[in-house]
file entry03.cif (mmCIF, C-alpha atoms)
data_protein
loop_
_atom_site.label_atom_id
_atom_site.label_comp_id
_atom_site.auth_asym_id
_atom_site.auth_seq_id
_atom_site.Cartn_x
_atom_site.Cartn_y
_atom_site.Cartn_z
CA MET A 66 29.65 -47.77 -10.50
CA THR A 67 30.40 -45.12 -13.10
CA LEU A 68 29.61 -42.44 -10.58
CA LEU A 69 31.88 -43.98 -7.99
CA ARG A 70 34.78 -44.21 -10.38
CA ARG A 71 34.32 -40.63 -11.49
CA ASN A 72 34.36 -39.54 -7.88
CA ALA A 73 37.41 -41.57 -7.04
CA VAL A 74 39.64 -40.20 -9.77
CA PRO A 75 40.11 -36.60 -8.61
CA ALA A 76 40.81 -37.71 -5.06
CA PHE A 77 43.45 -40.15 -6.19
CA LEU A 78 45.08 -37.61 -8.47
CA LEU A 79 45.15 -35.21 -5.59
CA LEU A 80 46.97 -37.74 -3.46
CA SER A 81 49.60 -38.46 -6.06
CA VAL A 82 50.26 -34.78 -6.65
CA LEU A 83 50.63 -34.21 -2.96
CA ALA A 84 52.79 -37.26 -2.39
CA GLY A 85 55.96 -35.28 -3.08
CA ALA A 86 55.32 -32.96 -0.15
CA GLY A 87 56.72 -33.44 3.35
CA CYS A 88 55.05 -35.58 5.97
CA ALA A 89 53.11 -33.04 8.04
CA THR A 90 52.33 -30.93 5.01
CA LEU A 91 51.01 -33.95 3.20
CA ASP A 92 48.68 -34.81 6.01
CA ASP A 93 47.35 -31.26 6.32
CA ALA A 94 47.10 -30.81 2.59
CA THR A 95 45.19 -34.04 2.24
CA LYS A 96 42.66 -32.99 4.85
CA LEU A 97 42.30 -29.70 3.03
CA GLY A 98 42.07 -31.41 -0.36
CA ALA A 99 39.57 -33.95 0.90
CA SER A 100 37.35 -31.24 2.40
CA LEU A 101 37.56 -29.24 -0.82
CA GLY A 102 36.43 -32.39 -2.59
CA VAL A 103 33.46 -32.59 -0.24
CA SER A 104 32.52 -28.93 -0.75
CA LYS A 105 32.61 -29.39 -4.52
CA GLY A 106 30.50 -32.49 -4.21
CA VAL A 107 33.19 -34.68 -5.79
CA VAL A 108 33.60 -36.96 -2.80
CA THR A 109 31.27 -37.78 0.07
CA GLN A 110 32.21 -36.96 3.67
CA GLU A 111 32.72 -40.65 4.30
CA GLN A 112 35.11 -40.99 1.37
CA ALA A 113 36.99 -37.89 2.50
CA THR A 114 37.51 -39.35 5.98
CA SER A 115 38.77 -42.56 4.47
CA ILE A 116 41.20 -40.72 2.15
CA THR A 117 42.59 -38.78 5.09
CA LYS A 118 43.02 -41.95 7.12
CA VAL A 119 44.76 -43.87 4.36
CA THR A 120 47.10 -41.02 3.53
CA LYS A 121 48.07 -40.62 7.15
CA ALA A 122 48.97 -44.29 7.16
CA VAL A 123 51.11 -44.12 4.04
CA ALA A 124 52.98 -40.82 4.31
CA LYS A 125 56.51 -42.17 4.64
CA THR A 126 59.90 -40.55 5.00
CA PHE A 127 63.50 -41.74 4.89
CA GLU A 128 63.17 -42.49 8.60
CA ASP A 129 60.87 -45.40 7.76
CA ILE A 130 63.62 -47.12 5.78
CA THR A 131 64.93 -49.98 7.92
CA PRO A 132 68.71 -50.52 8.13
CA GLU A 133 68.14 -53.72 6.15
CA GLN A 134 66.51 -51.82 3.26
CA GLU A 135 69.16 -49.11 3.52
CA TYR A 136 71.72 -51.90 3.06
CA TYR A 137 70.11 -53.04 -0.21
CA ILE A 138 69.83 -49.47 -1.51
CA GLY A 139 73.49 -48.92 -0.60
CA ARG A 140 74.70 -52.08 -2.36
CA THR A 141 73.09 -51.03 -5.62
CA VAL A 142 74.21 -47.39 -5.29
CA GLY A 143 77.72 -48.80 -4.75
CA ALA A 144 77.41 -51.08 -7.79
CA VAL A 145 76.43 -48.11 -9.97
CA ILE A 146 79.48 -46.19 -8.69
CA VAL A 147 82.01 -49.02 -9.28
CA ASN A 148 80.58 -49.57 -12.75
CA ARG A 149 81.16 -45.94 -13.60
CA TYR A 150 84.56 -45.57 -11.90
CA LYS A 151 86.91 -48.55 -12.11
CA PRO A 152 88.09 -49.93 -8.74
CA TYR A 153 91.79 -49.72 -7.87
CA PRO A 154 92.31 -53.34 -6.87
CA ASP A 155 95.59 -53.13 -4.89
CA PRO A 156 95.01 -55.22 -1.71
CA GLY A 157 97.66 -53.39 0.34
CA ALA A 158 96.25 -49.94 -0.38
CA ASN A 159 92.65 -51.02 0.17
CA GLY A 160 93.61 -52.92 3.33
CA TYR A 161 95.21 -49.78 4.75
CA LEU A 162 92.18 -47.67 3.82
CA ASN A 163 89.89 -50.16 5.58
CA LEU A 164 92.03 -50.05 8.73
CA VAL A 165 91.84 -46.26 8.92
CA GLY A 166 88.15 -46.30 8.02
CA GLN A 167 87.09 -49.02 10.45
CA THR A 168 88.90 -47.30 13.30
CA LEU A 169 87.02 -44.08 12.54
CA ALA A 170 83.63 -45.74 11.99
CA GLN A 171 83.79 -47.29 15.45
CA ALA A 172 84.19 -43.80 16.92
CA SER A 173 81.21 -42.35 15.02
CA ASP A 174 77.74 -41.93 16.50
CA ARG A 175 76.61 -44.76 14.26
CA PRO A 176 79.27 -47.46 14.45
CA GLU A 177 76.87 -50.27 13.52
CA THR A 178 74.99 -50.44 10.26
CA PHE A 179 73.23 -53.50 8.86
CA GLY A 180 76.21 -54.68 6.82
CA GLY A 181 79.01 -52.60 8.36
CA TYR A 182 81.44 -50.08 6.85
CA HIS A 183 83.70 -51.02 3.93
CA PHE A 184 86.09 -48.87 1.90
CA LEU A 185 87.36 -49.06 -1.68
CA ILE A 186 89.74 -46.96 -3.79
CA LEU A 187 88.57 -45.89 -7.26
CA ASP A 188 91.11 -45.75 -10.08
CA SER A 189 90.27 -42.21 -11.15
CA PRO A 190 92.28 -38.96 -11.27
CA GLU A 191 89.11 -37.03 -10.35
CA ILE A 192 89.00 -35.61 -6.83
CA ASN A 193 86.03 -37.54 -5.59
CA ALA A 194 84.57 -39.59 -2.74
CA PHE A 195 81.17 -41.20 -2.32
CA ALA A 196 79.32 -42.67 0.64
CA ALA A 197 76.56 -45.09 -0.31
CA PRO A 198 73.83 -45.52 2.31
CA GLY A 199 74.68 -48.14 4.92
CA GLY A 200 78.44 -47.67 4.86
CA LEU A 201 80.01 -48.53 1.48
CA ILE A 202 82.55 -45.75 0.97
CA PHE A 203 84.54 -45.01 -2.20
CA VAL A 204 87.52 -42.68 -2.54
CA SER A 205 89.29 -41.83 -5.80
CA ARG A 206 93.05 -41.94 -6.32
CA GLY A 207 92.84 -38.22 -7.15
CA MET A 208 91.33 -37.52 -3.73
CA LEU A 209 93.94 -39.61 -1.92
CA ARG A 210 96.67 -37.72 -3.77
CA CYS A 211 95.43 -34.59 -1.98
CA CYS A 212 96.37 -36.32 1.28
CA THR A 213 99.96 -36.04 2.46
CA THR A 214 99.45 -37.71 5.86
CA GLU A 215 97.33 -40.41 7.49
CA ASP A 216 95.51 -37.67 9.40
CA ALA A 217 94.39 -36.17 6.06
CA VAL A 218 93.20 -39.59 4.78
CA ALA A 219 91.32 -39.99 8.05
CA ALA A 220 89.68 -36.59 7.47
CA VAL A 221 88.38 -37.65 4.03
CA LEU A 222 86.99 -40.90 5.42
CA ALA A 223 85.51 -39.27 8.53
CA HIS A 224 83.58 -36.83 6.30
CA GLU A 225 82.13 -39.74 4.29
CA ILE A 226 81.33 -41.74 7.44
CA ALA A 227 79.50 -38.65 8.69
CA HIS A 228 77.28 -38.70 5.58
CA VAL A 229 76.38 -42.33 6.41
CA GLN A 230 75.84 -41.58 10.09
CA LEU A 231 73.54 -38.65 9.26
CA ARG A 232 71.74 -40.70 6.58
CA HIS A 233 72.18 -37.93 4.02
CA GLY A 234 72.01 -40.33 1.06
CA LEU A 235 68.58 -41.63 2.02
CA GLN A 236 67.28 -38.07 2.32
CA ALA A 237 67.93 -37.60 -1.39
CA ILE A 238 65.17 -40.11 -2.17
CA ASP A 239 61.89 -38.61 -3.34
CA SER A 240 59.44 -39.35 -0.54
CA SER A 241 56.67 -40.27 -2.99
CA ARG A 242 58.71 -43.36 -3.97
CA LEU A 243 58.94 -44.40 -0.35
CA THR A 244 55.25 -43.82 0.24
CA HIS A 245 54.50 -46.00 -2.77
CA ALA A 246 57.02 -48.72 -1.97
CA LEU A 247 56.33 -48.99 1.74
CA THR A 248 52.60 -49.04 1.13
CA THR A 249 52.97 -51.87 -1.36
CA LEU A 250 54.66 -53.64 1.48
CA GLY A 251 51.80 -53.01 3.92
CA ALA A 252 49.21 -54.27 1.47
CA GLU A 253 51.21 -57.36 0.64
CA GLY A 254 51.44 -58.94 4.07
CA ALA A 255 53.03 -62.29 4.52
CA LYS A 256 52.71 -63.54 0.96
CA SER A 257 55.81 -63.58 -1.18
CA TYR A 258 55.75 -60.90 -3.84
CA GLY A 259 53.69 -61.55 -6.89
CA ASP A 260 55.37 -60.72 -10.21
CA LYS A 261 53.51 -57.45 -10.60
CA ARG A 262 54.20 -56.40 -7.01
CA LEU A 263 57.90 -57.23 -7.35
CA ALA A 264 58.10 -55.28 -10.62
CA ASP A 265 56.44 -52.26 -8.94
CA LEU A 266 58.74 -52.43 -5.97
CA THR A 267 61.79 -52.77 -8.21
CA LYS A 268 60.70 -49.65 -10.09
CA ASP A 269 60.57 -47.73 -6.79
CA PHE A 270 63.94 -49.23 -5.92
CA GLU A 271 65.51 -48.17 -9.24
CA GLY A 272 64.11 -44.67 -8.76
CA SER A 273 65.46 -44.47 -5.21
CA VAL A 274 68.91 -45.62 -6.32
CA ARG A 275 68.84 -43.06 -9.14
CA ASP A 276 67.89 -40.27 -6.70
CA VAL A 277 70.88 -41.13 -4.52
CA THR A 278 73.46 -41.67 -7.28
CA SER A 279 72.52 -38.51 -9.17
CA THR A 280 72.91 -36.55 -5.94
CA LEU A 281 76.29 -38.14 -5.16
CA ILE A 282 77.70 -37.93 -8.69
CA ASN A 283 76.03 -34.91 -10.29
CA ASN A 284 74.15 -32.55 -8.02
CA GLY A 285 75.83 -32.76 -4.63
CA TYR A 286 74.20 -32.29 -1.24
CA SER A 287 73.07 -28.96 0.18
CA ARG A 288 75.68 -26.73 1.81
CA SER A 289 74.08 -27.44 5.17
CA PHE A 290 74.55 -31.22 4.77
CA GLU A 291 78.22 -30.64 3.88
CA ARG A 292 78.65 -28.36 6.88
CA GLU A 293 77.07 -31.00 9.14
CA ALA A 294 79.35 -33.67 7.69
CA ASP A 295 82.47 -31.55 8.25
CA ALA A 296 81.42 -30.83 11.84
CA ALA A 297 80.74 -34.52 12.56
CA ALA A 298 84.06 -35.43 10.89
CA VAL A 299 85.96 -33.13 13.26
CA THR A 300 84.27 -34.87 16.22
CA ILE A 301 85.07 -38.36 14.91
CA LEU A 302 88.73 -37.46 14.22
CA ALA A 303 89.14 -36.02 17.70
CA ARG A 304 87.58 -39.10 19.32
CA VAL A 305 90.11 -41.40 17.65
CA GLY A 306 93.05 -39.12 18.42
CA TYR A 307 93.66 -37.76 14.91
CA ASP A 308 94.44 -34.09 14.55
CA PRO A 309 91.35 -32.37 13.09
CA ALA A 310 93.85 -30.02 11.40
CA GLY A 311 94.18 -32.92 8.94
CA LEU A 312 90.83 -31.90 7.45
CA VAL A 313 91.99 -28.33 6.91
CA ALA A 314 95.34 -29.53 5.48
CA MET A 315 93.55 -31.87 3.08
CA LEU A 316 91.18 -29.10 1.97
CA GLY A 317 94.17 -26.84 1.34
CA GLU A 318 95.71 -29.43 -0.99
CA MET A 319 92.34 -29.95 -2.66
CA GLU A 320 92.04 -26.21 -3.28
CA LYS A 321 95.36 -26.33 -5.18
CA ASN A 322 94.39 -29.37 -7.26
CA LEU A 323 90.71 -28.90 -8.07
CA LYS A 324 90.13 -27.78 -11.65
CA PRO A 325 87.30 -25.26 -12.01
CA GLY A 326 84.40 -26.80 -13.92
CA GLY A 327 85.63 -30.34 -13.18
CA PRO A 328 83.10 -33.19 -12.87
CA ASP A 329 84.14 -34.00 -9.29
CA PHE A 330 84.16 -32.09 -5.97
CA ALA A 331 84.51 -28.92 -8.07
CA LYS A 332 80.90 -29.53 -9.05
CA THR A 333 79.35 -31.32 -6.06
CA HIS A 334 80.89 -29.63 -3.01
CA PRO A 335 81.24 -26.10 -1.64
CA SER A 336 84.72 -24.70 -2.35
CA PRO A 337 87.48 -26.03 -0.07
CA LYS A 338 88.18 -22.44 0.98
CA SER A 339 84.62 -21.88 2.19
CA ARG A 340 84.67 -25.25 4.01
CA VAL A 341 87.88 -24.26 5.82
CA GLU A 342 86.36 -20.91 6.77
CA GLU A 343 83.30 -22.66 8.17
CA ILE A 344 85.35 -25.23 10.12
CA GLU A 345 87.60 -22.53 11.58
CA ARG A 346 84.61 -20.36 12.45
CA ARG A 347 83.31 -23.21 14.61
CA ALA A 348 86.50 -24.76 15.95
CA GLY A 349 88.99 -21.88 15.84
CA ALA A 350 91.98 -21.54 13.50
CA ALA A 351 93.63 -24.89 12.78
CA LYS A 352 97.18 -25.41 13.93
CA THR A 353 99.76 -26.63 11.46
CA LEU A 354 99.41 -30.37 11.08
CA ALA A 355 102.27 -32.19 12.81
CA VAL A 356 103.61 -35.25 10.98
CA VAL A 357 103.66 -38.29 13.30
CA PRO A 358 106.49 -40.62 12.19
CA SER A 359 104.74 -43.91 13.10
CA ARG A 360 101.68 -42.95 11.04
CA GLN A 361 103.70 -41.47 8.20
CA ALA A 362 105.61 -44.73 7.64
CA ARG A 363 102.47 -46.83 7.24
CA PHE A 364 100.74 -44.11 5.20
CA GLN A 365 103.67 -44.20 2.73
CA ALA A 366 103.66 -48.01 2.69
CA GLY A 367 99.89 -48.16 2.13
CA LEU A 368 99.22 -45.31 -0.30
CA GLY A 369 102.67 -44.17 -1.42
CA LYS A 370 102.30 -45.81 -4.84
CA LEU A 371 99.11 -44.00 -5.78
CA MET B 4 64.69 -53.88 21.84
CA SER B 5 65.49 -55.75 18.63
CA VAL B 6 68.79 -56.38 16.85
CA GLN B 7 68.61 -54.35 13.61
CA VAL B 8 71.92 -55.39 12.04
CA LYS B 9 72.95 -58.61 10.25
CA GLN B 10 75.06 -59.72 13.21
CA GLY B 11 74.79 -58.09 16.61
CA GLN B 12 77.78 -58.48 18.87
CA VAL B 13 77.35 -58.51 22.63
CA ARG B 14 80.52 -57.48 24.45
CA ALA B 15 81.92 -57.92 27.92
CA SER B 16 82.46 -54.16 28.31
CA PRO B 17 80.88 -51.03 26.74
CA SER B 18 83.56 -50.59 24.04
CA PHE B 19 84.49 -52.04 20.66
CA LEU B 20 87.66 -53.21 22.36
CA GLY B 21 85.53 -55.36 24.70
CA LYS B 22 85.57 -59.12 24.13
CA VAL B 23 82.60 -60.47 22.12
CA VAL B 24 80.69 -62.83 24.42
CA VAL B 25 77.85 -63.76 22.08
CA THR B 26 76.70 -62.86 18.57
CA LEU B 27 72.98 -62.32 17.99
CA ASP B 28 70.93 -62.56 14.81
CA TYR B 29 68.92 -59.92 13.03
CA GLY B 30 65.53 -59.59 14.75
CA ASP B 31 66.57 -61.15 18.08
CA ARG B 32 64.88 -59.50 21.06
CA VAL B 33 66.89 -58.36 24.06
CA GLU B 34 65.93 -57.00 27.47
CA THR B 35 67.67 -53.77 28.41
CA LEU B 36 69.25 -53.10 31.79
CA GLU B 37 71.14 -49.79 31.60
CA GLU B 38 72.65 -47.30 29.17
CA LYS B 39 76.09 -45.71 29.19
CA ASP B 40 77.57 -43.39 26.54
CA GLY B 41 75.70 -44.91 23.62
CA TRP B 42 76.10 -48.49 24.87
CA ILE B 43 73.24 -50.55 26.25
CA ARG B 44 73.60 -53.43 28.69
CA VAL B 45 71.29 -56.18 27.46
CA VAL B 46 70.07 -59.62 28.36
CA PRO B 47 70.27 -61.79 25.22
CA PRO B 48 67.48 -64.24 24.34
CA ALA B 49 67.14 -67.39 26.48
CA LYS B 50 68.38 -65.35 29.47
CA LYS B 51 72.01 -65.74 28.54
CA ALA B 52 74.54 -63.72 30.54
CA PRO B 53 74.13 -59.92 30.04
CA GLY B 54 76.57 -57.90 27.98
CA TRP B 55 76.90 -54.60 26.11
CA MET B 56 75.68 -53.68 22.63
CA HIS B 57 76.09 -50.36 20.87
CA SER B 58 72.73 -48.59 20.61
CA SER B 59 73.09 -48.25 16.82
CA ALA B 60 72.73 -52.05 16.55
CA LEU B 61 69.36 -51.96 18.32
CA SER B 62 65.88 -50.70 17.44
CA GLU B 63 62.93 -49.78 19.64
CA LYS B 64 60.73 -51.34 16.99
CA ARG B 65 59.79 -54.97 17.18
CA ILE B 66 61.34 -56.59 14.11
CA VAL B 67 59.05 -59.27 12.73
CA LEU B 68 60.80 -61.97 10.76
CA LYS B 69 57.71 -63.68 9.42
CA ALA B 70 54.94 -61.14 9.23
CA GLY B 71 51.27 -62.02 8.86
CA LYS B 72 48.77 -59.74 7.13
CA LYS B 73 47.78 -58.02 10.38
CA GLU B 74 51.41 -57.24 11.25
CA ALA B 75 52.10 -55.96 7.75
CA GLU B 76 49.19 -53.52 8.02
CA LEU B 77 50.31 -52.45 11.46
CA ALA B 78 53.87 -51.89 10.21
CA ALA B 79 52.54 -49.69 7.39
CA SER B 80 50.33 -47.60 9.67
CA SER B 81 52.36 -47.33 12.88
CA GLY B 82 55.98 -47.02 13.85
CA GLU B 83 56.02 -49.90 16.30
CA LEU B 84 56.86 -52.74 13.96
CA ALA B 85 59.41 -53.30 11.25
CA LEU B 86 59.23 -56.20 8.84
CA ALA B 87 62.42 -58.11 8.18
CA GLY B 88 63.09 -59.23 4.63
CA LYS B 89 60.32 -57.04 3.19
CA GLY B 90 60.41 -54.02 0.92
CA PHE B 91 63.80 -53.44 -0.71
CA ASN B 92 65.31 -56.89 -0.20
CA ALA B 93 67.30 -59.65 -1.90
CA ASP B 94 64.38 -60.42 -4.28
CA VAL B 95 64.26 -56.77 -5.37
CA GLU B 96 68.05 -56.73 -5.84
CA ALA B 97 67.80 -59.90 -7.96
CA GLU B 98 65.05 -58.30 -10.07
CA PHE B 99 67.17 -55.14 -10.43
CA LYS B 100 70.13 -57.25 -11.59
CA ALA B 101 67.93 -59.04 -14.15
CA ARG B 102 66.79 -55.68 -15.53
CA ASN B 103 70.23 -54.02 -15.40
CA LYS B 104 72.60 -56.69 -16.66
CA GLY B 105 75.35 -54.13 -17.33
CA ILE B 106 75.73 -53.39 -13.61
CA ASN B 107 78.10 -55.81 -11.96
CA PHE B 108 77.94 -56.43 -8.21
CA ALA B 109 81.15 -58.51 -7.96
CA TRP B 110 83.18 -55.64 -6.46
CA ILE B 111 80.46 -54.86 -3.94
CA ASP B 112 80.60 -58.46 -2.72
CA ARG B 113 84.42 -58.30 -2.59
CA MET B 114 84.24 -55.02 -0.74
CA GLN B 115 81.90 -56.48 1.88
CA ASP B 116 84.45 -59.23 2.46
CA MET B 117 87.04 -56.60 3.42
CA THR B 118 86.72 -56.66 7.18
CA VAL B 119 89.05 -55.66 9.99
CA PRO B 120 89.20 -57.84 13.14
CA PRO B 121 88.98 -55.93 16.46
CA ASP B 122 92.54 -56.79 17.52
CA GLU B 123 93.86 -55.23 14.29
CA VAL B 124 92.03 -51.98 15.10
CA GLN B 125 93.58 -52.07 18.55
CA ALA B 126 97.09 -52.63 17.17
CA PHE B 127 96.51 -49.90 14.55
CA LEU B 128 95.64 -47.39 17.27
CA ARG B 129 98.60 -48.38 19.42
CA GLU B 130 101.19 -48.44 16.65
CA GLY B 131 99.99 -45.09 15.28
CA ASP B 132 100.23 -43.37 18.67
CA LEU B 133 96.49 -42.75 18.52
CA THR B 134 94.85 -42.29 21.87
CA PRO B 135 91.06 -42.28 21.64
CA GLY B 136 89.59 -39.21 23.26
CA LYS B 137 92.87 -37.29 23.21
CA GLY B 138 92.30 -35.60 19.84
CA ASP B 139 91.43 -32.08 20.87
CA GLY B 140 90.20 -32.42 24.37
CA GLN B 141 86.57 -33.20 23.49
#
call {"tool": "encode", "arguments": {"input": "entry03.cif", "output": "structure tokens"}}
result
Amino acid sequence: MTLLRRNAVPAFLLLSVLAGAGCATLDDATKLGASLGVSKGVVTQEQATSITKVTKAVAKTFEDITPEQEYYIGRTVGAVIVNRYKPYPDPGANGYLNLVGQTLAQASDRPETFGGYHFLILDSPEINAFAAPGGLIFVSRGMLRCCTTEDAVAAVLAHEIAHVQLRHGLQAIDSSRLTHALTTLGAEGAKSYGDKRLADLTKDFEGSVRDVTSTLINNGYSRSFEREADAAAVTILARVGYDPAGLVAMLGEMEKNLKPGGPDFAKTHPSPKSRVEEIERRAGAAKTLAVVPSRQARFQAGLGKL
Amino acid sequence: MSVQVKQGQVRASPSFLGKVVVTLDYGDRVETLEEKDGWIRVVPPAKKAPGWMHSSALSEKRIVLKAGKKEAELAASSGELALAGKGFNADVEAEFKARNKGINFAWIDRMQDMTVPPDEVQAFLREGDLTPGKGDGQ
């Protein structure tokens, strides 16, 4: 018994150290680790085979998160955001934002999420916007003030919808949490969660939510994720009939208003200038944004008071 | 395929402007007939009349609503099954709320009640001189 326990410890430690690695790497590394264990006489061949098998079964990535679980992660990420930034409760302004947003979401590559797309204005002068996994999207008053047309508002929302569509938020979650949580699930079966199991799962959940919120609020995504989101936004805008020049116009206004060192997009996003350069490199120089009277009237009515 | 959203709408035509002919529940299985631009023509359960669903509402995985031990193990080790109501779920959210009393979910619930009926989207497009597909010739 003592011998068995002593043998089991290094193998388990090895697994937990490796759990942060990517899927394929994890599998390969485990095989390597397990065979090293055998050569050092720490684990038997039989144990090594079993370790490899188990790890293959439990190496999980964001792709294993079902839309239903994404929905619960997104609700709590959203709750953390609205508890940090106060909502702007005006029904007219939020109603208008939801009309623009819903129209765009339907034109995205992922129009259906478990709980659908919903949009809310945050009462903050910061220039900020957040997309929680599953489609809860938040935009600050400061960000909307950078928009002088409906096409520009649409550009902000299309960029956030793109983050949801591409599941960028979920990719911020440390894969070791998912491996742990989704394995708990496999072991549990049909029984309802015991107290301990629920506590464990909630810890993984809290960690996952923290990974996402700290990325959205503090660290920002990689430049390549932002580039992807801008490219997808241009496609969504074009599909609805908005002028993609709205994105460039909005970024121009943002450039003027962002304060260096600010806690908002100044910190979490590539500079507006570099985003414009990237967009124009792909799509050609943007034309001047034409103001469409029918859209301008409802834009003023919806967001003019901000 | 299985419905992977809370409510899966089946439409008369492959478009969000198409009339909703039946609404399916999470986990319902459908037979697939054909695919067109991201839309899938499906036969709903009980062989109801076929209609169109957007592919993002459907999963290749079989979604098991009440999983036994064997299915739970299979879901953990293969990609063929997904377990409904397991993992990060309402129980976990309730436990999170109990441990984080300072975080209020009231606005999230209000936000989820903000919905836009399809005819309003249609009117919004029309009144704003927005013609889908005419943005930049894509």
call {"tool": "resolve_selection", "arguments": {"input": "entry03.cif", "expression": "the PyMOL selection byres ((chain B) within 7 of (chain A))", "output": "MDAnalysis selection string"}}
result
chainID B and resid 7:9 59:60 69:72 75:76 78:80 89:92 95 98:99 106:108 111 114:115 117 119 124 130:131 133:139 141
call {"tool": "resolve_selection", "arguments": {"input": "entry03.cif", "expression": "the PyMOL selection byres ((chain B and resi 120-122) around 9)", "output": "PyMOL selection string"}}
result
chain B and resi 19-22+118-119+123-127
call {"tool": "resolve_selection", "arguments": {"input": "entry03.cif", "expression": "the PyMOL selection byres ((chain B and resi 34-38) around 10)", "output": "number ranges by chain"}}
result
B: 4-5, 17, 32-33, 39-48, 50, 53-58
call {"tool": "atom_distance", "arguments": {"input": "entry03.cif", "atom1": "CA of Val25 in chain B", "atom2": "CA of Ala49 in chain B"}}
result
12.1 Å
call {"tool": "closest_residue", "arguments": {"input": "entry03.cif", "among": "A:Gly272, A:Gly311, A:Gly157, A:Gly199", "to": "Ala355 in chain A", "atoms": "only C-alpha atoms"}}
result
A:Gly311
call {"tool": "residues_around", "arguments": {"input": "entry03.cif", "residues": "Ala227 in chain A", "least_positions_apart": "2", "cutoff": "8 Å", "atoms": "all atoms listed in the file", "output": "PyMOL selection string"}}
result
chain A and resi 173+223-225+229-231+294-295+297-298
call {"tool": "residues_around", "arguments": {"input": "entry03.cif", "residues": "Tyr153 in chain A", "least_positions_apart": "4", "cutoff": "10 Å", "atoms": "only C-alpha atoms", "output": "PyMOL selection string"}}
result
chain A and resi 147+158-159+185-189+204-206+371
call {"tool": "residues_around", "arguments": {"input": "entry03.cif", "residues": "Ala87 in chain B", "least_positions_apart": "6", "cutoff": "7 Å", "atoms": "all atoms listed in the file", "output": "PyMOL selection string"}}
result
chain B and resi 66-68
call {"tool": "residues_around", "arguments": {"input": "entry03.cif", "residues": "Ala237 in chain A", "least_positions_apart": "3", "cutoff": "8 Å", "atoms": "only C-alpha atoms", "output": "CSV table (one decimal) with C-alpha atoms, in the frame of the given file"}}
result
chain,number,residue,atom,x,y,z
A,233,HIS,CA,72.2,-37.9,4.0
A,234,GLY,CA,72.0,-40.3,1.1
A,276,ASP,CA,67.9,-40.3,-6.7
A,277,VAL,CA,70.9,-41.1,-4.5
A,280,THR,CA,72.9,-36.6,-5.9
call {"tool": "atom_distance", "arguments": {"input": "entry03.cif", "atom1": "CA of Phe330 in chain A", "atom2": "CA of Val221 in chain A"}}
result
12.2 Å
